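Engineer: This is upload_37.txt, which holds compact mmCIF, C-alpha atoms:
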```txt
# COMPACT_ATOMS: atom_id res chain seq x y z
CA MET V 175 -3.67 -17.89 0.24
CA ASP V 176 -0.52 -19.91 -0.52
CA VAL V 177 1.17 -18.38 -3.56
CA PRO V 178 4.68 -19.31 -4.67
CA THR V 179 7.29 -16.66 -5.37
CA GLY V 180 7.12 -15.82 -9.02
CA LEU V 181 3.58 -16.23 -10.29
CA THR V 182 2.53 -17.65 -13.60
CA GLU V 183 0.30 -15.36 -15.60
CA THR V 184 -2.65 -17.60 -14.77
CA GLN V 185 -1.87 -17.40 -11.07
CA LEU V 186 -1.56 -13.64 -11.36
CA HIS V 187 -4.96 -13.29 -13.02
CA SER V 188 -6.53 -15.54 -10.41
CA LEU V 189 -5.78 -12.92 -7.76
CA VAL V 190 -8.52 -10.68 -9.15
CA GLY V 191 -11.55 -11.07 -6.93
CA HIS V 192 -9.53 -12.03 -3.87
CA ARG V 193 -11.28 -10.45 -0.88
CA PHE V 194 -9.49 -9.34 2.25
CA ALA V 195 -10.81 -10.53 5.59
CA GLY V 196 -12.31 -7.13 6.46
CA GLY V 197 -12.09 -5.48 9.83
CA ARG V 198 -12.00 -2.27 11.80
CA TYR V 199 -9.37 0.32 12.68
CA ARG V 200 -9.25 3.24 15.09
CA ILE V 201 -6.70 5.97 14.34
CA GLU V 202 -5.24 7.04 17.64
CA HIS V 203 -3.89 10.50 18.43
CA TRP V 204 -0.26 9.38 18.83
CA GLU V 205 -0.31 7.64 15.47
CA ASN V 206 -1.78 10.65 13.70
CA TRP V 207 0.65 12.98 15.45
CA LEU V 208 3.69 10.98 14.37
CA LEU V 209 2.37 10.46 10.86
CA THR V 210 1.71 14.18 10.42
CA GLU V 211 5.13 15.09 11.83
CA CYS V 212 6.76 12.80 9.28
CA THR V 213 5.22 14.92 6.52
CA GLY V 214 6.84 18.05 7.97
CA ARG V 215 3.82 19.94 9.22
CA GLU V 216 2.07 20.58 12.54
CA PRO V 217 -0.98 18.55 13.61
CA LEU V 218 -4.31 19.40 12.05
CA PRO V 219 -7.08 20.91 14.23
CA ASP V 220 -10.25 19.25 15.51
CA ARG V 221 -8.79 15.70 15.63
CA LEU V 222 -8.62 15.64 11.83
CA VAL V 223 -6.21 13.02 10.58
CA HIS V 224 -3.66 13.74 7.90
CA PRO V 225 -5.00 12.62 4.50
CA ILE V 226 -2.05 10.30 3.87
CA VAL V 227 -3.47 8.06 6.58
CA LEU V 228 -5.22 6.43 3.62
CA PHE V 229 -2.13 4.42 2.83
CA HIS V 230 -1.66 2.22 5.89
CA VAL V 231 -5.00 2.42 7.68
CA PRO V 232 -7.01 0.72 4.90
CA ILE V 233 -4.36 -2.00 4.50
CA LEU V 234 -4.20 -2.80 8.20
CA GLY V 235 -7.88 -2.20 8.87
CA VAL V 236 -9.07 -4.54 6.15
CA GLY V 237 -7.10 -7.32 7.75
CA THR V 238 -4.03 -7.54 5.54
CA SER V 239 -0.52 -6.10 5.61
CA ILE V 240 2.22 -4.94 3.30
CA THR V 241 3.97 -8.25 3.93
CA GLU V 242 0.87 -10.26 2.94
CA LEU V 243 0.31 -8.13 -0.16
CA PHE V 244 3.89 -8.76 -1.25
CA ALA V 245 3.35 -12.48 -0.66
CA LEU V 246 0.12 -12.46 -2.64
CA GLY V 247 1.98 -10.88 -5.51
CA GLY V 248 4.76 -13.43 -5.18
CA VAL V 249 7.53 -10.87 -4.69
CA ALA V 250 10.20 -10.29 -2.07
CA GLY V 251 13.38 -8.30 -1.69
CA ALA V 252 14.68 -4.83 -2.36
CA GLY V 253 13.50 -3.28 -5.58
CA SER V 254 10.80 -5.85 -6.23
CA VAL V 255 7.85 -3.53 -5.64
CA GLY V 256 7.22 -0.07 -7.00
CA LEU V 257 4.33 2.32 -6.67
CA GLU V 258 2.44 3.02 -9.84
CA GLY V 259 -0.25 5.25 -8.43
CA TYR V 260 -3.04 5.99 -5.95
CA ASP V 261 -6.61 7.08 -6.36
CA TRP V 262 -7.93 8.15 -2.97
CA GLU V 263 -11.44 9.59 -2.42
CA TYR V 264 -12.57 11.36 0.75
CA PHE V 265 -16.32 11.49 1.34
CA ARG V 266 -16.18 12.61 4.97
CA PRO V 267 -13.46 14.12 7.16
CA LEU V 268 -11.47 11.34 8.83
CA VAL V 269 -10.84 11.89 12.53
CA GLU V 270 -8.98 10.33 15.42
CA ASP V 271 -10.62 7.85 17.80
CA VAL V 272 -13.39 6.73 15.45
CA GLU V 273 -13.58 3.05 14.60
CA TYR V 274 -13.87 2.70 10.83
CA ARG V 275 -15.00 -0.53 9.21
CA MET V 276 -13.19 -1.64 6.07
CA GLU V 277 -13.75 -4.03 3.22
CA GLY V 278 -12.03 -4.60 -0.09
CA GLY V 279 -10.03 -6.81 -2.36
CA ILE V 280 -7.84 -7.12 -5.41
CA VAL V 281 -9.49 -5.54 -8.43
CA ALA V 282 -6.91 -5.84 -11.23
CA ALA V 283 -3.83 -7.85 -12.13
CA GLU V 284 -2.02 -7.88 -15.43
CA ARG V 285 1.35 -8.76 -16.92
CA VAL V 286 2.80 -6.05 -19.15
CA THR V 287 6.05 -4.96 -20.77
CA ASP V 288 7.32 -1.67 -19.37
CA ASP V 289 9.09 1.15 -21.20
CA THR V 290 12.46 -0.58 -20.84
CA GLY V 291 11.22 -3.84 -22.34
CA ARG V 292 11.09 -5.59 -18.99
CA VAL V 293 8.09 -7.78 -18.17
CA VAL V 294 6.40 -6.62 -14.95
CA ASP V 295 3.15 -7.38 -13.18
CA LYS V 296 0.68 -4.73 -12.11
CA LEU V 297 -1.62 -5.29 -9.17
CA ALA V 298 -4.43 -3.04 -7.96
CA PHE V 299 -6.47 -3.30 -4.79
CA GLU V 300 -9.46 -1.30 -3.62
CA ILE V 301 -10.54 -0.78 0.00
CA SER V 302 -13.51 1.19 1.32
CA LEU V 303 -13.79 2.76 4.78
CA PHE V 304 -17.19 3.10 6.46
CA ASP V 305 -18.10 5.42 9.30
CA THR V 306 -19.90 4.33 12.47
CA ASP V 307 -23.28 4.87 10.76
CA ASP V 308 -22.08 2.58 7.94
CA GLN V 309 -21.87 5.42 5.40
CA ILE V 310 -18.81 5.40 3.20
CA ALA V 311 -16.11 7.74 4.49
CA ALA V 312 -13.29 7.06 2.01
CA ARG V 313 -12.19 4.72 -0.73
CA ILE V 314 -8.74 3.94 -2.03
CA THR V 315 -7.39 2.21 -5.10
CA ASN V 316 -3.65 1.55 -5.03
CA ARG V 317 -1.69 0.30 -8.01
CA TRP V 318 1.64 -1.47 -7.50
CA VAL V 319 4.27 -2.69 -9.95
CA LEU V 320 5.77 -6.09 -9.14
CA ARG V 321 9.19 -6.83 -10.60
CA ARG V 322 10.33 -10.45 -10.93
CA MET O 117 -9.90 30.88 6.32
CA SER O 118 -13.42 31.65 5.12
CA GLY O 119 -13.12 30.23 1.61
CA ARG O 120 -11.44 31.22 -1.63
CA ASP O 121 -13.88 33.24 -3.74
CA ASP O 122 -11.12 34.60 -5.95
CA VAL O 123 -9.84 31.29 -7.32
CA GLY O 124 -10.02 30.61 -11.04
CA PRO O 125 -8.64 28.25 -13.67
CA GLY O 126 -4.96 28.79 -14.29
CA ASP O 127 -4.25 30.04 -10.79
CA GLU O 128 -1.07 28.72 -9.22
CA ILE O 129 -1.22 27.15 -5.76
CA PRO O 130 1.53 28.50 -3.47
CA ALA O 131 4.40 26.02 -3.47
CA TRP O 132 5.33 23.96 -0.41
CA THR O 133 8.95 22.88 0.06
CA MET O 134 10.48 20.06 2.08
CA PRO O 135 14.09 21.28 2.25
CA PHE O 136 15.60 18.02 3.52
CA VAL O 137 14.01 14.58 3.19
CA ASP O 138 14.97 13.14 6.54
CA PRO O 139 15.90 9.43 6.88
CA ALA O 140 14.85 9.51 10.54
CA ARG O 141 11.33 10.36 9.45
CA MET O 142 11.45 7.44 7.00
CA ARG O 143 12.25 5.10 9.87
CA THR O 144 9.36 6.43 11.94
CA MET O 145 7.12 6.12 8.92
CA ALA O 146 8.20 2.52 8.33
CA ALA O 147 7.17 1.66 11.88
CA ILE O 148 3.80 3.42 11.55
CA LEU O 149 3.09 1.67 8.26
CA ARG O 150 4.33 -1.69 9.59
CA ASP O 151 6.41 -1.71 6.42
CA PRO O 152 9.24 -4.24 6.52
CA TYR O 153 10.55 -3.23 3.09
CA PRO O 154 14.24 -2.38 3.79
CA VAL O 155 14.65 0.16 0.98
CA HIS O 156 13.39 2.79 3.42
CA TRP O 157 16.00 2.19 6.14
CA ASP O 158 18.81 -0.12 4.96
CA ARG O 159 21.43 2.03 3.25
CA ALA O 160 23.82 -0.87 2.65
CA GLY O 161 21.11 -3.06 1.16
CA ASN O 162 20.24 -0.41 -1.39
CA ALA O 163 23.65 -0.71 -3.04
CA ALA O 164 22.17 -3.54 -5.11
CA LEU O 165 19.66 -1.02 -6.48
CA GLY O 166 22.40 1.36 -7.52
CA LEU O 167 21.73 3.59 -4.52
CA PRO O 168 24.72 3.02 -2.22
CA GLY O 169 24.41 4.99 0.99
CA ARG O 170 20.91 6.25 0.22
CA VAL O 171 17.42 5.26 1.31
CA ILE O 172 14.16 5.72 -0.58
CA ASN O 173 11.37 7.90 0.77
CA GLN O 174 7.95 6.32 1.18
CA GLY O 175 5.42 7.13 -1.54
CA PRO O 176 2.84 8.31 0.99
CA LEU O 177 5.34 10.88 2.31
CA ASN O 178 5.96 12.18 -1.19
CA LEU O 179 2.22 12.54 -1.57
CA GLY O 180 2.12 14.09 1.89
CA TYR O 181 4.16 17.08 0.72
CA ILE O 182 1.60 17.71 -2.03
CA VAL O 183 -1.19 17.36 0.52
CA ASN O 184 0.52 19.83 2.85
CA MET O 185 0.55 22.35 0.02
CA LEU O 186 -3.20 21.84 -0.49
CA LEU O 187 -4.00 22.08 3.23
CA ALA O 188 -2.01 25.31 3.56
CA TRP O 189 -3.89 26.76 0.60
CA ALA O 190 -7.49 25.64 1.13
CA GLY O 191 -7.81 24.48 4.71
CA PRO O 192 -7.38 21.37 6.86
CA SER O 193 -10.38 19.42 5.57
CA CYS O 194 -10.26 20.51 1.93
CA VAL O 195 -9.15 17.30 0.18
CA ARG O 196 -11.83 15.35 -1.68
CA ARG O 197 -9.75 13.26 -4.09
CA LEU O 198 -6.11 12.55 -4.90
CA THR O 199 -5.09 10.72 -8.05
CA VAL O 200 -1.34 10.47 -8.45
CA SER O 201 1.35 8.59 -10.33
CA PHE O 202 4.85 8.03 -9.03
CA GLY O 203 7.84 8.58 -11.28
CA ARG O 204 11.37 8.60 -9.95
CA PRO O 205 12.17 7.79 -6.30
CA VAL O 206 12.86 10.52 -3.76
CA LEU O 207 15.94 9.89 -1.62
CA ASP O 208 17.14 11.01 1.79
CA GLY O 209 18.72 14.44 1.69
CA ASP O 210 16.72 15.54 -1.35
CA GLU O 211 14.95 18.89 -1.45
CA VAL O 212 11.52 18.60 -3.03
CA THR O 213 8.86 21.18 -3.78
CA ALA O 214 5.14 20.59 -4.24
CA GLY O 215 3.32 22.70 -6.79
CA GLY O 216 -0.09 22.94 -8.34
CA ARG O 217 -2.39 24.81 -10.67
CA VAL O 218 -6.19 25.09 -10.81
CA SER O 219 -7.61 23.35 -13.87
CA SER O 220 -11.34 23.84 -13.40
CA LEU O 221 -14.08 24.73 -10.92
CA ALA O 222 -17.40 23.00 -10.27
CA VAL O 223 -20.15 22.77 -7.66
CA VAL O 224 -20.58 19.19 -6.45
CA ASP O 225 -22.88 18.14 -3.59
CA GLY O 226 -23.31 21.81 -2.74
CA GLU O 227 -19.58 22.37 -2.45
CA ARG O 228 -17.48 24.64 -4.64
CA ARG O 229 -14.61 22.44 -5.74
CA ALA O 230 -11.40 23.01 -7.65
CA THR O 231 -9.76 20.33 -9.73
CA CYS O 232 -6.03 20.96 -9.69
CA GLU O 233 -3.02 19.62 -11.50
CA VAL O 234 -0.42 18.82 -8.82
CA TRP O 235 3.19 17.71 -8.81
CA LEU O 236 6.27 17.18 -6.70
CA ASP O 237 9.55 18.46 -8.15
CA ARG O 238 13.18 17.67 -7.45
CA ASP O 239 15.77 19.74 -9.28
CA GLY O 240 13.08 20.94 -11.67
CA GLU O 241 11.95 17.43 -12.57
CA HIS O 242 8.50 16.03 -11.72
CA VAL O 243 8.84 12.94 -9.50
CA VAL O 244 5.12 12.71 -8.65
CA THR O 245 2.29 14.00 -10.82
CA GLY O 246 -1.45 13.89 -10.50
CA THR O 247 -4.77 15.54 -9.91
CA ALA O 248 -6.35 16.79 -6.70
CA VAL O 249 -9.93 17.82 -6.04
CA VAL O 250 -10.29 20.27 -3.15
CA VAL O 251 -13.24 22.13 -1.68
CA LEU O 252 -12.84 25.89 -1.63
CA ASP O 253 -15.53 26.71 0.91
CA GLY O 254 -13.85 25.08 3.88
CA ARG O 255 -11.76 26.46 6.68
```
If you convert what's in this file into structure tokens, what do you get?
Structural biologist:
Amino acid sequence: MDVPTGLTETQLHSLVGHRFAGGRYRIEHWENWLLTECTGREPLPDRLVHPIVLFHVPILGVGTSITELFALGGVAGAGSVGLEGYDWEYFRPLVEDVEYRMEGGIVAAERVTDDTGRVVDKLAFEISLFDTDDQIAARITNRWVLRR
Amino acid sequence: MSGRDDVGPGDEIPAWTMPFVDPARMRTMAAILRDPYPVHWDRAGNAALGLPGRVINQGPLNLGYIVNMLLAWAGPSCVRRLTVSFGRPVLDGDEVTAGGRVSSLAVVDGERRATCEVWLDRDGEHVVTGTAVVVLDGR
């Protein structure tokens, strides 16, 4: 999708319904080990992955990237993106070395005035992870604030 | 851990403290996330944000401290849902402490679950707030 930096409100609203390519992702032991260490705790037992894996694995697994999401939102540069919130659901334990299938897209986009009177855009995307038997394993909804 | 039969609404979850938010871990995290956003590793670039000489911790790591508190309390596969909002940024060198309190209990899908108010504090101020649902019957 070719979106110019700085979206009109119409362009912003048109992002709702955008679907990511979809894809698969296998969380390897080294990746989980490093991720868990970054949180300041020891690895979990039984190949369990640290729950914060639900930030990057859905984004990469669904076939997009942080860079592409910034581009979709028409933002770039330091301070242009903030986190508003996450809603992450875990239906099954997530483990290393299992190939999860992912699908999702952009579910909300709106232009609002924040508490300081500044106009900002809010963008939300939802991605679901499916286990090898195609049962849902997890679902995330992330909400970002885009500053122009 | 064989489960937490003694948990009830109003109970405090034992706090979990990260005594020093380490910029080296932010750099590792940026690589894992494939996150090119320089606010997590470019101290000089952050001067324009009013943060000269500081870098901003990744949101997932801030949430990770809350998760570590939950895992230490209720077991390694206890988390069923996390709903959080991010307030002020956490910076390298900060000390932050995760806290939580049980709001309610329910049985869902045969599991005894606790809904908990959770937060991450720096200098007594909430920088992340939210709700966690954890299963109490796990390891």
Engineer: Expressed in Å to a single decimal, how great is the separation between atom CA of Val244 of chain O and atom CA of Met134 of chain O?
Structural biologist: 14.1 Å
Engineer: Determine, for each residue of chain V having at least one atom at most 7 Å from an atom of chain O, the closest pair of atoms and their separation in Å to one decimal, counting all atoms listed in the file; order by chain and ascending number, as JSON lines.
Structural biologist:
```
{"residue": "V:Leu209", "atom": "CA", "partner": "O:Met145", "partner_atom": "CA", "distance": 6.7}
{"residue": "V:Cys212", "atom": "CA", "partner": "O:Arg141", "partner_atom": "CA", "distance": 5.2}
{"residue": "V:Thr213", "atom": "CA", "partner": "O:Gly180", "partner_atom": "CA", "distance": 5.6}
{"residue": "V:Leu218", "atom": "CA", "partner": "O:Pro192", "partner_atom": "CA", "distance": 6.3}
{"residue": "V:Ile226", "atom": "CA", "partner": "O:Gly180", "partner_atom": "CA", "distance": 6.0}
{"residue": "V:Phe229", "atom": "CA", "partner": "O:Pro176", "partner_atom": "CA", "distance": 6.6}
{"residue": "V:His230", "atom": "CA", "partner": "O:Leu149", "partner_atom": "CA", "distance": 5.3}
{"residue": "V:Ile240", "atom": "CA", "partner": "O:Asp151", "partner_atom": "CA", "distance": 6.1}
{"residue": "V:Ala252", "atom": "CA", "partner": "O:Val155", "partner_atom": "CA", "distance": 6.0}
{"residue": "V:Gly253", "atom": "CA", "partner": "O:Leu165", "partner_atom": "CA", "distance": 6.6}
{"residue": "V:Leu257", "atom": "CA", "partner": "O:Phe202", "partner_atom": "CA", "distance": 6.2}
{"residue": "V:Glu258", "atom": "CA", "partner": "O:Phe202", "partner_atom": "CA", "distance": 5.6}
{"residue": "V:Gly259", "atom": "CA", "partner": "O:Ser201", "partner_atom": "CA", "distance": 4.2}
{"residue": "V:Tyr260", "atom": "CA", "partner": "O:Val200", "partner_atom": "CA", "distance": 5.4}
{"residue": "V:Asp261", "atom": "CA", "partner": "O:Thr199", "partner_atom": "CA", "distance": 4.3}
{"residue": "V:Trp262", "atom": "CA", "partner": "O:Leu198", "partner_atom": "CA", "distance": 5.1}
{"residue": "V:Glu263", "atom": "CA", "partner": "O:Arg197", "partner_atom": "CA", "distance": 4.4}
{"residue": "V:Tyr264", "atom": "CA", "partner": "O:Arg196", "partner_atom": "CA", "distance": 4.7}
{"residue": "V:Phe265", "atom": "CA", "partner": "O:Arg196", "partner_atom": "CA", "distance": 6.6}
{"residue": "V:Pro267", "atom": "CA", "partner": "O:Ser193", "partner_atom": "CA", "distance": 6.3}
```
Engineer: Work out how far atom CA of Leu208 of chain V is from atom CA of Arg221 of chain V, in Å to one decimal.
Structural biologist: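 We find that atom CA of Arg221 of chain V and atom CA of Leu208 of chain V lie 13.4 Å from each other.
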Engineer: Tell me, in Å to one decimal, how far atom CA of Ser302 of chain V is from atom CA of Gly279 of chain V.
Structural biologist: 9.5 Å
Engineer: Can you tell me, as a PDB file with C-alpha atoms, in the coordinates of the input, what residues are no more than 6 Å from Ala214 of chain O when counting all atoms listed in the file, ignoring any on the same chain fewer than 2 positions away?
Structural biologist:
```pdb
ATOM      1  CA  ALA O 131       4.400  26.020  -3.470  1.00  0.00           C
ATOM      2  CA  TRP O 132       5.330  23.960  -0.410  1.00  0.00           C
ATOM      3  CA  ILE O 182       1.600  17.710  -2.030  1.00  0.00           C
ATOM      4  CA  TRP O 235       3.190  17.710  -8.810  1.00  0.00           C
ATOM      5  CA  LEU O 236       6.270  17.180  -6.700  1.00  0.00           C
TER       6      LEU O 236
END
```
Engineer: Using all atoms listed in the file, determine which residues lie at most 7 Å from His224 of chain V, disregarding the query and same-chain residues fewer than 3 positions distant; provide the list as a PyMOL selection string.
Structural biologist: chain V and resi 206+210+227
Engineer: Can you list, as an mmCIF file with C-alpha atoms, in the coordinates of the input, every protein, DNA or RNA residue that comes within 9 Å of Leu207 of chain O when you count all atoms listed in the file, leaving out same-chain residues fewer than 3 positions away?
Structural biologist:
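The resulting file, part34.cif, is shown below:
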```cif
data_model
loop_
_atom_site.group_PDB
_atom_site.id
_atom_site.type_symbol
_atom_site.label_atom_id
_atom_site.label_comp_id
_atom_site.auth_asym_id
_atom_site.auth_seq_id
_atom_site.Cartn_x
_atom_site.Cartn_y
_atom_site.Cartn_z
ATOM 1 C CA VAL O 137 14.010 14.580 3.190
ATOM 2 C CA ASP O 138 14.970 13.140 6.540
ATOM 3 C CA PRO O 139 15.900 9.430 6.880
ATOM 4 C CA ARG O 170 20.910 6.250 0.220
ATOM 5 C CA VAL O 171 17.420 5.260 1.310
ATOM 6 C CA ILE O 172 14.160 5.720 -0.580
ATOM 7 C CA ASN O 173 11.370 7.900 0.770
ATOM 8 C CA ASP O 210 16.720 15.540 -1.350
#
```
Engineer: Between V:Tyr274, V:Gly247, V:Ile314, V:Ile301, which is the closest to Leu186 of chain V once you count only C-alpha atoms?
Structural biologist: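 For Leu186 of chain V, the nearest of the candidates is V:Gly247.
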Engineer: Please provide the set of residues having any atom within 10 Å of segment 283-293 of chain V, restricted to only C-alpha atoms, with same-chain residues fewer than 2 positions apart removed, written as a list of chain:residue names.
Structural biologist: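 Counting only C-alpha atoms, the residues come to V:Thr182, V:Glu183, V:Thr184, V:Gln185, V:Leu186, V:His187, V:Ser188, V:Leu189, V:Val190, V:Gly191, V:Gly247, V:Ile280, V:Val281, V:Asp295, V:Lys296, V:Leu297, V:Ala298, V:Phe299, V:Arg317, V:Trp318, V:Val319, V:Leu320, V:Arg321, V:Arg322.
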Engineer: Which one is closest to Ala245 of chain V: V:Val223, V:Ala282, V:Ile201, V:Leu181? Count all atoms listed in the file.
Structural biologist: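 Among the listed residues, the smallest separation from Ala245 of chain V belongs to V:Leu181.
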Engineer: From the list V:Arg275, V:Gly214, V:Phe194, V:Arg200, which residue is nearest Val212 of chain O when using only C-alpha atoms?
Structural biologist: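 With only C-alpha atoms as the atom set, the closest residue is V:Gly214.
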Engineer: Pull the neighbourhood of (-11.4, 18.1, -14.5) for me: all residues within 7 Å in file coordinates, counting all atoms listed in the file, as a list of chain:residue names.
Structural biologist: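 Output of the proximity query reads O:Ser219, O:Ser220, O:Thr231.
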Engineer: Name the residues in contact with Leu221 of chain O at a cut-off of 9 Å, using only C-alpha atoms, excluding same-chain residues fewer than 3 positions from it; report them as a VMD selection string.
Structural biologist: chain O and resid 123 to 125 218 228 to 232
Engineer: How would the residues just chosen look if you wrote them out with C-alpha atoms as an mmCIF file, in the frame of the given file?
Structural biologist:
```cif
data_model
loop_
_atom_site.group_PDB
_atom_site.id
_atom_site.type_symbol
_atom_site.label_atom_id
_atom_site.label_comp_id
_atom_site.auth_asym_id
_atom_site.auth_seq_id
_atom_site.Cartn_x
_atom_site.Cartn_y
_atom_site.Cartn_z
ATOM 1 C CA VAL O 123 -9.840 31.290 -7.320
ATOM 2 C CA GLY O 124 -10.020 30.610 -11.040
ATOM 3 C CA PRO O 125 -8.640 28.250 -13.670
ATOM 4 C CA VAL O 218 -6.190 25.090 -10.810
ATOM 5 C CA ARG O 228 -17.480 24.640 -4.640
ATOM 6 C CA ARG O 229 -14.610 22.440 -5.740
ATOM 7 C CA ALA O 230 -11.400 23.010 -7.650
ATOM 8 C CA THR O 231 -9.760 20.330 -9.730
ATOM 9 C CA CYS O 232 -6.030 20.960 -9.690
#
```
